[in-house]
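Peer 1: What follows is model_5.cif, made up of mmCIF, C-alpha atoms:
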data_start
loop_
_atom_site.group_PDB
_atom_site.id
_atom_site.type_symbol
_atom_site.label_atom_id
_atom_site.label_comp_id
_atom_site.auth_asym_id
_atom_site.auth_seq_id
_atom_site.Cartn_x
_atom_site.Cartn_y
_atom_site.Cartn_z
ATOM 1 C CA MET K 18 56.747 113.453 152.680
ATOM 2 C CA GLN K 19 59.729 115.649 153.541
ATOM 3 C CA ARG K 20 61.398 117.723 150.848
ATOM 4 C CA PHE K 21 64.592 116.086 149.567
ATOM 5 C CA TYR K 22 64.976 117.861 146.190
ATOM 6 C CA PRO K 23 64.647 121.578 145.412
ATOM 7 C CA ILE K 24 62.248 121.216 142.473
ATOM 8 C CA GLY K 25 58.612 120.145 142.697
ATOM 9 C CA THR K 26 56.208 119.229 145.475
ATOM 10 C CA PRO K 27 57.093 116.079 147.443
ATOM 11 C CA GLY K 28 54.773 113.241 146.481
ATOM 12 C CA THR K 29 53.598 114.903 143.258
ATOM 13 C CA PRO K 30 55.062 113.938 139.864
ATOM 14 C CA TRP K 31 56.580 116.773 137.888
ATOM 15 C CA SER K 32 54.544 118.601 135.297
ATOM 16 C CA GLU K 33 56.118 120.301 132.287
ATOM 17 C CA SER K 34 56.626 123.364 134.491
ATOM 18 C CA GLU K 35 58.914 121.491 136.894
ATOM 19 C CA LYS K 36 60.784 119.865 134.019
ATOM 20 C CA GLN K 37 61.350 123.312 132.560
ATOM 21 C CA GLN K 38 62.660 124.521 135.938
ATOM 22 C CA TRP K 39 65.051 121.601 136.015
ATOM 23 C CA ARG K 40 66.239 122.233 132.461
ATOM 24 C CA GLU K 41 66.863 125.925 133.170
ATOM 25 C CA LYS K 42 69.181 124.967 136.033
ATOM 26 C CA GLN K 43 71.498 123.004 133.708
ATOM 27 C CA THR K 44 74.641 124.678 132.385
ATOM 28 C CA LEU K 45 77.318 123.737 129.862
ATOM 29 C CA ARG K 46 80.276 122.375 131.821
ATOM 30 C CA ARG K 47 82.515 120.908 129.094
ATOM 31 C CA GLY K 48 82.737 120.789 125.328
ATOM 32 C CA TYR K 49 81.359 118.062 123.073
ATOM 33 C CA GLN K 50 83.192 119.578 120.119
ATOM 34 C CA GLU K 51 86.567 119.726 121.849
ATOM 35 C CA GLU K 52 86.420 116.506 123.853
ATOM 36 C CA VAL K 53 84.468 114.206 121.523
ATOM 37 C CA LEU K 54 84.025 115.454 117.953
ATOM 38 C CA THR K 55 87.636 116.614 117.515
ATOM 39 C CA PRO K 56 89.038 113.214 118.613
ATOM 40 C CA ILE K 57 86.486 111.497 116.371
ATOM 41 C CA ASN K 58 87.540 113.600 113.383
ATOM 42 C CA ALA K 59 91.159 112.640 114.055
ATOM 43 C CA LEU K 60 90.162 109.044 113.241
ATOM 44 C CA ARG K 61 88.904 109.834 109.727
ATOM 45 C CA ASP K 62 91.880 108.172 108.046
ATOM 46 C CA SER K 63 90.975 104.823 109.609
ATOM 47 C CA PHE K 64 87.201 104.940 110.016
ATOM 48 C CA GLU K 65 84.138 106.027 108.116
ATOM 49 C CA LEU K 66 82.246 108.668 110.097
ATOM 50 C CA VAL K 67 78.452 108.386 109.926
ATOM 51 C CA GLN K 68 76.123 111.086 111.213
ATOM 52 C CA TYR K 69 72.956 109.250 112.158
ATOM 53 C CA GLY K 70 71.024 112.233 113.529
ATOM 54 C CA ALA K 71 71.256 115.400 115.606
ATOM 55 C CA LEU K 72 69.625 116.623 118.791
ATOM 56 C CA SER K 73 66.726 118.998 118.215
ATOM 57 C CA ILE K 74 67.801 121.284 121.071
ATOM 58 C CA ASP K 75 70.752 122.404 118.892
ATOM 59 C CA PRO K 76 71.339 120.282 115.739
ATOM 60 C CA LYS K 77 74.556 122.040 114.761
ATOM 61 C CA ARG K 78 76.099 121.694 118.201
ATOM 62 C CA TYR K 79 74.956 118.124 118.797
ATOM 63 C CA PRO K 80 75.377 115.885 115.733
ATOM 64 C CA LEU K 81 75.077 112.186 116.564
ATOM 65 C CA VAL K 82 78.091 110.379 115.137
ATOM 66 C CA ALA K 83 79.147 106.750 114.747
ATOM 67 C CA LEU K 84 82.287 105.192 113.287
ATOM 68 C CA ARG K 85 82.869 102.021 111.305
ATOM 69 C CA ARG K 86 85.505 100.579 108.999
ATOM 70 C CA PRO K 87 84.939 101.589 105.364
ATOM 71 C CA GLN K 88 84.940 97.965 104.174
ATOM 72 C CA ALA K 89 83.280 95.073 105.991
ATOM 73 C CA THR K 90 85.067 91.741 106.263
ATOM 74 C CA PRO K 91 82.837 88.778 105.385
ATOM 75 C CA ASP K 92 82.229 85.905 107.771
ATOM 76 C CA VAL K 93 83.566 87.581 110.947
ATOM 77 C CA PRO K 94 81.574 88.760 113.993
ATOM 78 C CA TRP K 95 79.911 92.167 114.053
ATOM 79 C CA VAL K 96 80.608 94.160 117.225
ATOM 80 C CA LEU K 97 78.660 97.179 118.495
ATOM 81 C CA LEU K 98 80.290 99.478 121.051
ATOM 82 C CA THR K 99 78.269 102.280 122.645
ATOM 83 C CA GLY K 100 79.276 104.957 125.140
ATOM 84 C CA GLY K 101 77.787 108.049 126.697
ATOM 85 C CA VAL K 102 74.191 106.829 126.766
ATOM 86 C CA HIS K 103 74.324 108.582 130.125
ATOM 87 C CA GLY K 104 76.296 111.641 129.111
ATOM 88 C CA TYR K 105 77.750 112.320 132.546
ATOM 89 C CA GLU K 106 79.550 108.955 132.613
ATOM 90 C CA THR K 107 82.829 110.230 131.223
ATOM 91 C CA SER K 108 84.848 107.039 130.794
ATOM 92 C CA GLY K 109 82.049 105.518 128.734
ATOM 93 C CA VAL K 110 82.783 108.135 126.084
ATOM 94 C CA GLN K 111 86.520 108.494 126.554
ATOM 95 C CA GLY K 112 87.005 104.743 126.966
ATOM 96 C CA ALA K 113 85.310 104.108 123.617
ATOM 97 C CA LEU K 114 87.546 106.698 121.958
ATOM 98 C CA LYS K 115 90.640 105.261 123.635
ATOM 99 C CA PHE K 116 89.753 101.787 122.364
ATOM 100 C CA LEU K 117 89.469 103.149 118.825
ATOM 101 C CA ARG K 118 92.861 104.861 119.082
ATOM 102 C CA THR K 119 94.817 102.101 120.802
ATOM 103 C CA GLU K 120 93.255 98.662 120.254
ATOM 104 C CA ALA K 121 90.832 98.606 117.345
ATOM 105 C CA ALA K 122 93.510 98.195 114.664
ATOM 106 C CA ARG K 123 94.603 94.790 115.928
ATOM 107 C CA TYR K 124 91.124 93.440 115.237
ATOM 108 C CA ASP K 125 91.111 94.493 111.590
ATOM 109 C CA GLY K 126 89.933 91.565 109.516
ATOM 110 C CA ARG K 127 88.834 89.679 112.656
ATOM 111 C CA ILE K 128 85.705 91.670 113.514
ATOM 112 C CA ASN K 129 83.460 94.269 111.916
ATOM 113 C CA LEU K 130 83.162 97.182 114.301
ATOM 114 C CA VAL K 131 80.484 99.864 114.747
ATOM 115 C CA VAL K 132 81.024 102.461 117.493
ATOM 116 C CA ALA K 133 78.708 105.198 118.798
ATOM 117 C CA PRO K 134 81.019 106.895 121.329
ATOM 118 C CA CYS K 135 78.648 109.542 122.698
ATOM 119 C CA VAL K 136 74.963 108.727 122.401
ATOM 120 C CA SER K 137 73.871 111.678 124.585
ATOM 121 C CA PRO K 138 76.001 114.738 123.744
ATOM 122 C CA TRP K 139 73.824 117.267 125.605
ATOM 123 C CA GLY K 140 74.131 115.076 128.678
ATOM 124 C CA TYR K 141 77.892 114.967 128.114
ATOM 125 C CA GLU K 142 78.209 118.749 128.044
ATOM 126 C CA THR K 143 75.921 119.376 131.028
ATOM 127 C CA ILE K 144 77.156 116.276 132.932
ATOM 128 C CA ASN K 145 73.682 114.807 133.175
ATOM 129 C CA ARG K 146 72.062 111.408 133.308
ATOM 130 C CA TRP K 147 68.884 112.716 131.669
ATOM 131 C CA ASN K 148 68.268 114.392 128.344
ATOM 132 C CA PRO K 149 66.805 117.940 128.093
ATOM 133 C CA GLN K 150 63.272 116.587 128.570
ATOM 134 C CA ALA K 151 64.241 114.980 131.911
ATOM 135 C CA ILE K 152 64.075 111.517 130.309
ATOM 136 C CA ASP K 153 66.639 108.806 131.007
ATOM 137 C CA PRO K 154 67.883 107.568 127.604
ATOM 138 C CA ASN K 155 68.977 104.271 129.158
ATOM 139 C CA ARG K 156 65.396 103.458 130.077
ATOM 140 C CA SER K 157 64.104 104.416 126.649
ATOM 141 C CA PHE K 158 65.359 101.873 124.095
ATOM 142 C CA TYR K 159 62.041 100.685 122.733
ATOM 143 C CA PRO K 160 59.842 101.461 119.687
ATOM 144 C CA ASP K 161 58.511 105.038 119.528
ATOM 145 C CA SER K 162 60.900 106.048 122.297
ATOM 146 C CA PRO K 163 60.291 109.471 123.882
ATOM 147 C CA ALA K 164 64.084 110.016 124.053
ATOM 148 C CA GLU K 165 65.437 111.164 120.707
ATOM 149 C CA GLU K 166 68.932 109.938 121.634
ATOM 150 C CA SER K 167 67.617 106.398 122.043
ATOM 151 C CA ARG K 168 65.275 106.639 119.073
ATOM 152 C CA ALA K 169 68.063 107.802 116.760
ATOM 153 C CA LEU K 170 70.487 105.070 117.811
ATOM 154 C CA LEU K 171 67.838 102.365 117.460
ATOM 155 C CA ALA K 172 66.951 103.585 113.975
ATOM 156 C CA PHE K 173 70.622 103.653 112.999
ATOM 157 C CA VAL K 174 71.404 100.181 114.349
ATOM 158 C CA ASN K 175 68.262 98.610 112.908
ATOM 159 C CA GLY K 176 68.866 100.320 109.583
ATOM 160 C CA LEU K 177 72.258 98.643 109.214
ATOM 161 C CA GLY K 178 70.555 95.293 108.682
ATOM 162 C CA ILE K 179 73.339 93.594 110.634
ATOM 163 C CA GLU K 180 73.163 90.607 112.955
ATOM 164 C CA PHE K 181 75.510 91.660 115.752
ATOM 165 C CA SER K 182 77.352 89.005 117.738
ATOM 166 C CA LEU K 183 78.516 91.320 120.530
ATOM 167 C CA HIS K 184 77.335 94.578 122.094
ATOM 168 C CA VAL K 185 79.292 96.319 124.864
ATOM 169 C CA ASP K 186 77.637 99.378 126.425
ATOM 170 C CA LEU K 187 80.037 101.467 128.521
ATOM 171 C CA HIS K 188 78.785 103.087 131.742
ATOM 172 C CA GLU K 189 79.835 104.383 135.163
ATOM 173 C CA THR K 190 78.281 104.327 138.627
ATOM 174 C CA THR K 191 79.112 107.627 140.333
ATOM 175 C CA ASP K 192 78.634 109.226 143.723
ATOM 176 C CA SER K 193 76.391 111.740 141.985
ATOM 177 C CA ASP K 194 73.935 108.893 141.365
ATOM 178 C CA GLU K 195 73.205 108.942 145.070
ATOM 179 C CA ASN K 196 73.432 112.658 145.844
ATOM 180 C CA GLU K 197 71.784 114.061 142.683
ATOM 181 C CA PHE K 198 70.308 111.714 140.111
ATOM 182 C CA ARG K 199 68.399 109.259 142.294
ATOM 183 C CA PRO K 200 66.865 112.085 144.376
ATOM 184 C CA ALA K 201 65.931 113.877 141.149
ATOM 185 C CA LEU K 202 64.333 110.697 139.785
ATOM 186 C CA ALA K 203 62.249 110.207 142.933
ATOM 187 C CA ALA K 204 61.170 113.854 142.870
ATOM 188 C CA ARG K 205 60.292 113.716 139.161
ATOM 189 C CA ASP K 206 58.111 110.650 139.698
ATOM 190 C CA GLY K 207 56.505 111.878 142.941
ATOM 191 C CA LYS K 208 58.047 109.099 145.022
ATOM 192 C CA ALA K 209 59.945 108.980 148.290
ATOM 193 C CA PHE K 210 63.742 108.922 148.049
ATOM 194 C CA GLU K 211 65.241 105.750 149.463
ATOM 195 C CA PRO K 212 69.017 106.047 150.036
ATOM 196 C CA GLY K 213 71.189 103.398 148.419
ATOM 197 C CA HIS K 214 74.818 102.300 148.348
ATOM 198 C CA ILE K 215 77.393 103.135 145.677
ATOM 199 C CA PRO K 216 79.810 100.216 145.144
ATOM 200 C CA ASP K 217 83.538 100.911 145.025
ATOM 201 C CA GLY K 218 84.903 99.183 141.949
ATOM 202 C CA PHE K 219 84.095 97.798 138.512
ATOM 203 C CA TYR K 220 81.175 95.471 137.806
ATOM 204 C CA THR K 221 79.109 94.348 134.830
ATOM 205 C CA VAL K 222 75.384 94.111 134.284
ATOM 206 C CA GLY K 223 74.287 91.130 132.228
ATOM 207 C CA ASP K 224 70.898 90.474 130.681
ATOM 208 C CA THR K 225 68.511 88.467 132.858
ATOM 209 C CA ALA K 226 67.095 86.832 129.718
ATOM 210 C CA ASN K 227 70.563 86.034 128.321
ATOM 211 C CA PRO K 228 73.090 86.238 131.173
ATOM 212 C CA GLN K 229 76.075 84.514 129.519
ATOM 213 C CA PRO K 230 77.946 84.035 132.838
ATOM 214 C CA GLN K 231 81.202 82.788 131.270
ATOM 215 C CA PHE K 232 81.283 85.856 129.042
ATOM 216 C CA GLN K 233 80.729 88.206 131.994
ATOM 217 C CA SER K 234 83.433 86.378 133.963
ATOM 218 C CA ALA K 235 85.921 86.827 131.111
ATOM 219 C CA ILE K 236 85.343 90.582 131.225
ATOM 220 C CA ILE K 237 85.866 90.674 134.990
ATOM 221 C CA ARG K 238 89.153 88.769 134.621
ATOM 222 C CA ALA K 239 90.339 91.219 131.965
ATOM 223 C CA VAL K 240 89.402 94.321 133.964
ATOM 224 C CA GLU K 241 90.880 93.177 137.277
ATOM 225 C CA GLN K 242 94.302 93.505 135.642
ATOM 226 C CA VAL K 243 93.600 97.258 135.461
ATOM 227 C CA THR K 244 91.380 98.170 138.417
ATOM 228 C CA HIS K 245 89.589 96.606 141.366
ATOM 229 C CA ILE K 246 86.269 94.756 141.187
ATOM 230 C CA ALA K 247 83.262 95.860 143.259
ATOM 231 C CA GLU K 248 82.386 93.793 146.298
ATOM 232 C CA PRO K 249 78.781 93.049 147.289
ATOM 233 C CA ASP K 250 77.173 94.943 150.156
ATOM 234 C CA GLN K 251 76.022 93.352 153.399
ATOM 235 C CA HIS K 252 72.981 91.941 151.614
ATOM 236 C CA GLY K 253 75.052 90.255 148.906
ATOM 237 C CA GLN K 254 73.955 92.847 146.371
ATOM 238 C CA ILE K 255 75.310 95.573 144.099
ATOM 239 C CA ILE K 256 72.996 98.583 143.559
ATOM 240 C CA GLY K 257 70.085 96.574 144.941
ATOM 241 C CA SER K 258 70.530 93.506 142.721
ATOM 242 C CA ASP K 259 71.789 90.083 143.755
ATOM 243 C CA VAL K 260 75.381 89.343 142.799
ATOM 244 C CA GLU K 261 75.310 86.378 140.413
ATOM 245 C CA GLN K 262 79.074 85.879 140.492
ATOM 246 C CA ARG K 263 82.032 88.051 141.390
ATOM 247 C CA GLY K 264 81.414 91.540 140.019
ATOM 248 C CA VAL K 265 78.308 90.594 138.017
ATOM 249 C CA ILE K 266 74.628 91.417 138.404
ATOM 250 C CA ASN K 267 71.782 91.029 135.912
ATOM 251 C CA TYR K 268 69.041 93.375 134.731
ATOM 252 C CA ALA K 269 66.071 92.737 132.422
ATOM 253 C CA TYR K 270 67.452 94.632 129.405
ATOM 254 C CA ARG K 271 64.369 94.705 127.179
ATOM 255 C CA GLU K 272 61.811 95.236 129.938
ATOM 256 C CA LEU K 273 63.800 98.192 131.321
ATOM 257 C CA GLY K 274 64.507 99.706 127.912
ATOM 258 C CA LEU K 275 68.288 99.491 128.317
ATOM 259 C CA CYS K 276 70.720 100.205 125.497
ATOM 260 C CA GLY K 277 72.205 96.738 126.027
ATOM 261 C CA GLY K 278 68.988 95.319 124.599
ATOM 262 C CA ALA K 279 69.171 97.358 121.393
ATOM 263 C CA THR K 280 70.308 94.319 119.370
ATOM 264 C CA SER K 281 69.754 90.566 119.440
ATOM 265 C CA ALA K 282 73.463 89.913 119.976
ATOM 266 C CA GLN K 283 74.461 86.644 121.614
ATOM 267 C CA PHE K 284 76.900 88.419 123.927
ATOM 268 C CA THR K 285 75.820 91.632 125.652
ATOM 269 C CA THR K 286 77.137 93.477 128.677
ATOM 270 C CA THR K 287 76.864 96.843 130.391
ATOM 271 C CA THR K 288 80.082 97.908 132.072
ATOM 272 C CA GLU K 289 80.092 99.970 135.266
ATOM 273 C CA VAL K 290 83.232 101.821 136.356
ATOM 274 C CA TYR K 291 83.477 103.733 139.666
ATOM 275 C CA PRO K 292 85.287 107.011 138.897
ATOM 276 C CA ASP K 293 84.966 108.441 142.432
ATOM 277 C CA SER K 294 87.063 105.715 144.036
ATOM 278 C CA PRO K 295 90.180 106.916 145.882
ATOM 279 C CA SER K 296 91.903 103.961 144.200
ATOM 280 C CA ALA K 297 91.124 104.960 140.605
ATOM 281 C CA THR K 298 92.145 107.862 138.370
ATOM 282 C CA PRO K 299 90.348 109.019 135.197
ATOM 283 C CA SER K 300 93.080 107.245 133.238
ATOM 284 C CA ASP K 301 92.403 104.044 135.192
ATOM 285 C CA CYS K 302 88.701 104.299 134.394
ATOM 286 C CA ASN K 303 89.322 104.723 130.668
ATOM 287 C CA ALA K 304 91.767 101.824 130.742
ATOM 288 C CA ALA K 305 89.201 99.653 132.531
ATOM 289 C CA GLN K 306 86.658 100.325 129.810
ATOM 290 C CA VAL K 307 89.196 99.409 127.135
ATOM 291 C CA ALA K 308 90.110 96.225 129.012
ATOM 292 C CA ALA K 309 86.422 95.312 129.222
ATOM 293 C CA VAL K 310 85.954 95.756 125.474
ATOM 294 C CA VAL K 311 89.085 93.746 124.687
ATOM 295 C CA GLY K 312 88.049 90.979 127.076
ATOM 296 C CA ALA K 313 84.586 90.856 125.533
ATOM 297 C CA ILE K 314 85.906 90.719 121.961
ATOM 298 C CA GLU K 315 88.472 88.041 122.768
ATOM 299 C CA PHE K 316 85.813 85.859 124.362
ATOM 300 C CA ALA K 317 83.461 86.292 121.392
ATOM 301 C CA LEU K 318 86.248 85.463 118.944
ATOM 302 C CA GLN K 319 87.192 82.326 120.866
ATOM 303 C CA ARG K 320 83.576 81.173 120.792
ATOM 304 C CA ALA K 321 83.264 81.961 117.081
ATOM 305 C CA SER K 322 86.363 79.901 116.278
ATOM 306 C CA GLY K 323 85.534 77.077 118.673
#
Produce structure tokens that represent the structure in this file.
Peer 2:
Amino acid sequence: MQRFYPIGTPGTPWSESEKQQWREKQTLRRGYQEEVLTPINALRDSFELVQYGALSIDPKRYPLVALRRPQATPDVPWVLLTGGVHGYETSGVQGALKFLRTEAARYDGRINLVVAPCVSPWGYETINRWNPQAIDPNRSFYPDSPAEESRALLAFVNGLGIEFSLHVDLHETTDSDENEFRPALAARDGKAFEPGHIPDGFYTVGDTANPQPQFQSAIIRAVEQVTHIAEPDQHGQIIGSDVEQRGVINYAYRELGLCGGATSAQFTTTTEVYPDSPSATPSDCNAAQVAAVVGAIEFALQRASG
């Protein structure tokens, strides 16, 4: 097997030594305090801030924070919004914060909202898909998870004792998936790297066990008012999965340990924005995430009232 990644021996899974080499190559590239915690603190007048944990690599630097309204409204849907499970996916974090600033107020009394805007703060600062242990948090949402980011969020969500109706998990698909993170994954696992295709545009990932196609379609219709929708490749697929309808693929949430499977909500979706498109700006990407959340909530409210 030819070398395709600078760490490790091709064909041999990484030991702790290689994982340490990888971790030592990571550097802080932006600020969690400045870009995430400061905007969160600015919302204190409207939301209760809950610290549900901290990362062991630096507990003071990386508190894990969620927001919710101080008083719950009875007999309305509970909505969970998560961002930054993959810390490098910027609009997942900034889109969640933008929704809180610009749209959340109009749903007061109509939904109960819980938001974890940045599940993986170390990944946010180092612009990484993995956590410091070279573990993908979005493949780690299961009991006794090896990823403390996933373990902490699961404990927090389960501890609320809430039956959520809707969970929207905000993500991006970036060019760096193809030129850094997928090669790193293959190297870590001792496998050959097989090149893929990065779709240009927005799409959603539904749950194979609970696809809710009308719900996914409503999100696509909302987002296409803001940015373009990804087209399938020559095989009728997006990132190697069959397109079920325009801009929608499905993954097995629970089997893959995805954040989207963290609850038993009736309506679940994982959004995927393409920030490297020549047709989209960072502002467009944040707006697309907000549009997806609004579209999802509106659909859930219509179903609840129908």
Peer 1: If I take CA of Phe316 (chain K) and CA of Val93 (chain K), how far is one from the other in Å, to one decimal?
Peer 2: 13.7 Å
Peer 1: Take the point (74.8, 107.7, 110.5) as written in the file and pick out every residue within 8 Å of it, counting only C-alpha atoms; give the list as a list in words.
Peer 2: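 In the file's frame, the residues around the point are Leu66, Val67, Gln68, Tyr69, Gly70, Leu81, Val82, Ala83 and Phe173 of chain K.
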Peer 1: Go ahead and dump the residues you just picked, C-alpha atoms, as a compact mmCIF listing (two decimals), keeping the file's coordinate frame.
Peer 2:
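Result written to out33.txt:
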# COMPACT_ATOMS: atom_id res chain seq x y z
CA LEU K 66 82.25 108.67 110.10
CA VAL K 67 78.45 108.39 109.93
CA GLN K 68 76.12 111.09 111.21
CA TYR K 69 72.96 109.25 112.16
CA GLY K 70 71.02 112.23 113.53
CA LEU K 81 75.08 112.19 116.56
CA VAL K 82 78.09 110.38 115.14
CA ALA K 83 79.15 106.75 114.75
CA PHE K 173 70.62 103.65 113.00
Peer 1: Evaluate the PyMOL selection byres ((chain K and resi 186) around 9) on the structure here and hand back the selected residues as a ChimeraX atom specification.
Peer 2: /K:97-102,109,184-185,187-188,276-277,285-288
Peer 1: So the first atom is CA of Arg47 (chain K) and the second is CA of Glu142 (chain K); what is the distance between them in Å, to one decimal place?
Peer 2: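 Interatomic distance, CA of Arg47 (chain K) to CA of Glu142 (chain K): 4.9 Å.
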Peer 1: Quick check, in Å to one decimal: how far apart do CA of Arg86 (chain K) and CA of Glu180 (chain K) lie?
Peer 2: 16.4 Å
Peer 1: Between K:Glu261, K:Asp224, K:Glu241, K:Glu41, which one has atoms that come closest to Phe284 (chain K), using only C-alpha atoms?
Peer 2: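 Residue with the minimum atom-to-atom distance to Phe284 (chain K): K:Asp224.
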Peer 1: So which residues get picked by the PyMOL selection byres ((chain K and resi 38) around 12) here, written as a PyMOL selection string?
Peer 2: chain K and resi 23-25+31-37+39-43+149-151+205
Peer 1: Check which residues satisfy the PyMOL selection byres ((chain K and resi 296-308) around 10) in the file shown, then give them as a ChimeraX atom specification.
Peer 2: /K:100,107-117,119-121,185-189,217-219,236-245,288-295,309-314
Peer 1: With 4 Å on each side, where is the centre of the axis-aligned box around all listed atoms of region 80-95 of chain K, and how long are its edges in Å to one decimal, as AutoDock Vina command-line options?
Peer 2:
--center_x 80.3 --center_y 100.9 --center_z 110.4 --size_x 18.4 --size_y 38.0 --size_z 20.4
Peer 1: Name all residues at most 10 Å from Asn175 (chain K) (count all atoms listed in the file; drop same-chain ones fewer than 6 positions away) and give them as a list in words.
Peer 2: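 Once the nearby chain positions are removed, what remains is Ala169, Ala279 and Thr280 of chain K.
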Peer 1: When distances are computed from only C-alpha atoms, which of K:Phe232, K:Phe21, K:Tyr105, K:Tyr270 shows the smallest separation from Pro200 (chain K)?
Peer 2: K:Phe21
